[in-house]
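Participant: Before I ask anything, let me first share the structure, which is written out below as structure tokens.
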Amino acid sequence: MVVNRDGKLWGENTDGKGFLLSLAEEGISPEGKTVMILGAGGAARALAVESALAKAEKVIIVNRTMETGEALTGLVSEKTGVETQFIAWDGRVAVPPEVDILINGTSIGLYPHTDQKPEIAYDTIRPDMAVSDVIFNDPNSLFLQEARKQGAKTVNGLGMLVNQGALNFKLWTGVDAPVDVMIDVLRREFDL
């Protein structure tokens, strides 16, 4: 939250914007594409909304809790007019053939649980897909490793972390963040 010049509180969520910047840096855009997001929590919500605002053709939400998943699906559809679909996450979910971008928007695989991965049918990931994980610790998550085995282009969560941090820095200070320094620190931290 930031207090603007009128003394009013103003809220901003930079997760989704930072995520889209990280995709753009890899030459990936959701425009005109079908985006499938695993999860319906805070990060997944931001990703769904920003993907729809970036002119995704369709957003698919996959979630274990039906009420939460359906609520997010309804919100995205109502507020953006983008076609949405909810898929109940009950066992190994197959990635529908129309999906262009698959995103793990859950905390599955986040340190210290780096031995975990989302339960999906990895053989339904195609080489022409982009697969991304919001997890940044481990940046080489098992989810991304499985997607690479299927030939998909992968994007880890470090770009989202840097970009959303840079956006927040700018919101709070009015000054552009030292993105090169931020990236350098993360590369050293993760031995990349």
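Residue names in the structure tokens use chain letters A, B, ... in the order shown, residue numbers from 1 in each chain, and ligand numbers from 1 in the order shown.
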Do you know which residues are at most 12 Å from region 140-146 of chain A counting only C-alpha atoms, after dropping those on the same chain fewer than 5 positions away, and could you put them as a ChimeraX atom specification?
Facilitator: /A:38,102-127,130-135,151-158,190-192
Participant: Enumerate as a PDB file with C-alpha atoms, in the first residue's frame all residues of region 7-68 of chain A assigned to strand (DSSP E or B) by DSSP on the backbone, naming them with the chain letters and numbers the document uses.
Facilitator:
```
ATOM      1  CA  LEU A   9      -4.356   4.618   0.388  1.00  0.00           C
ATOM      2  CA  TRP A  10      -3.634   3.018  -2.928  1.00  0.00           C
ATOM      3  CA  GLU A  31      -1.788 -12.399 -25.987  1.00  0.00           C
ATOM      4  CA  THR A  34      -4.544 -20.177 -23.732  1.00  0.00           C
ATOM      5  CA  VAL A  35      -2.967 -19.935 -20.291  1.00  0.00           C
ATOM      6  CA  MET A  36      -3.374 -22.710 -17.707  1.00  0.00           C
ATOM      7  CA  ILE A  37      -2.593 -21.854 -14.096  1.00  0.00           C
ATOM      8  CA  LEU A  38      -2.132 -24.423 -11.360  1.00  0.00           C
ATOM      9  CA  ALA A  56      -4.976 -14.031 -23.273  1.00  0.00           C
ATOM     10  CA  LYS A  58      -8.525 -18.143 -22.514  1.00  0.00           C
ATOM     11  CA  VAL A  59      -7.488 -18.687 -18.885  1.00  0.00           C
ATOM     12  CA  ILE A  60      -7.835 -22.127 -17.296  1.00  0.00           C
ATOM     13  CA  ILE A  61      -7.663 -22.402 -13.507  1.00  0.00           C
ATOM     14  CA  VAL A  62      -6.780 -25.756 -11.941  1.00  0.00           C
ATOM     15  CA  ASN A  63      -7.302 -25.985  -8.190  1.00  0.00           C
TER      16      ASN A  63
END
```
Participant: Can you work out which one of A:Met160, A:Ala166, A:Leu171, A:Ala94 has the shortest atom-to-atom distance to Leu47 (chain A), counting only C-alpha atoms?
Facilitator: A:Met160
Participant: Would you compute the distance between CA of Glu78 (chain A) and CA of Val93 (chain A)? Give it in Å to one decimal.
Facilitator: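 Between CA of Glu78 (chain A) and CA of Val93 (chain A) the gap is 25.4 Å.
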Participant: Go through A:Thr68, A:Ser51, A:Ser29, A:Ser77 and flag the residue nearest Gly16 (chain A), using only C-alpha atoms for the distances.
Facilitator: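 Of A:Thr68, A:Ser51, A:Ser29, A:Ser77, the one nearest Gly16 (chain A) is A:Ser51, counting only C-alpha atoms.
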Participant: Step one, run DSSP on the backbone; step two, keep only residues of region 74-144 of chain A assigned to helix (DSSP H, G or I); then write them as an MDAnalysis selection string.
Facilitator: chainID A and resid 74:80 122:124 142:144
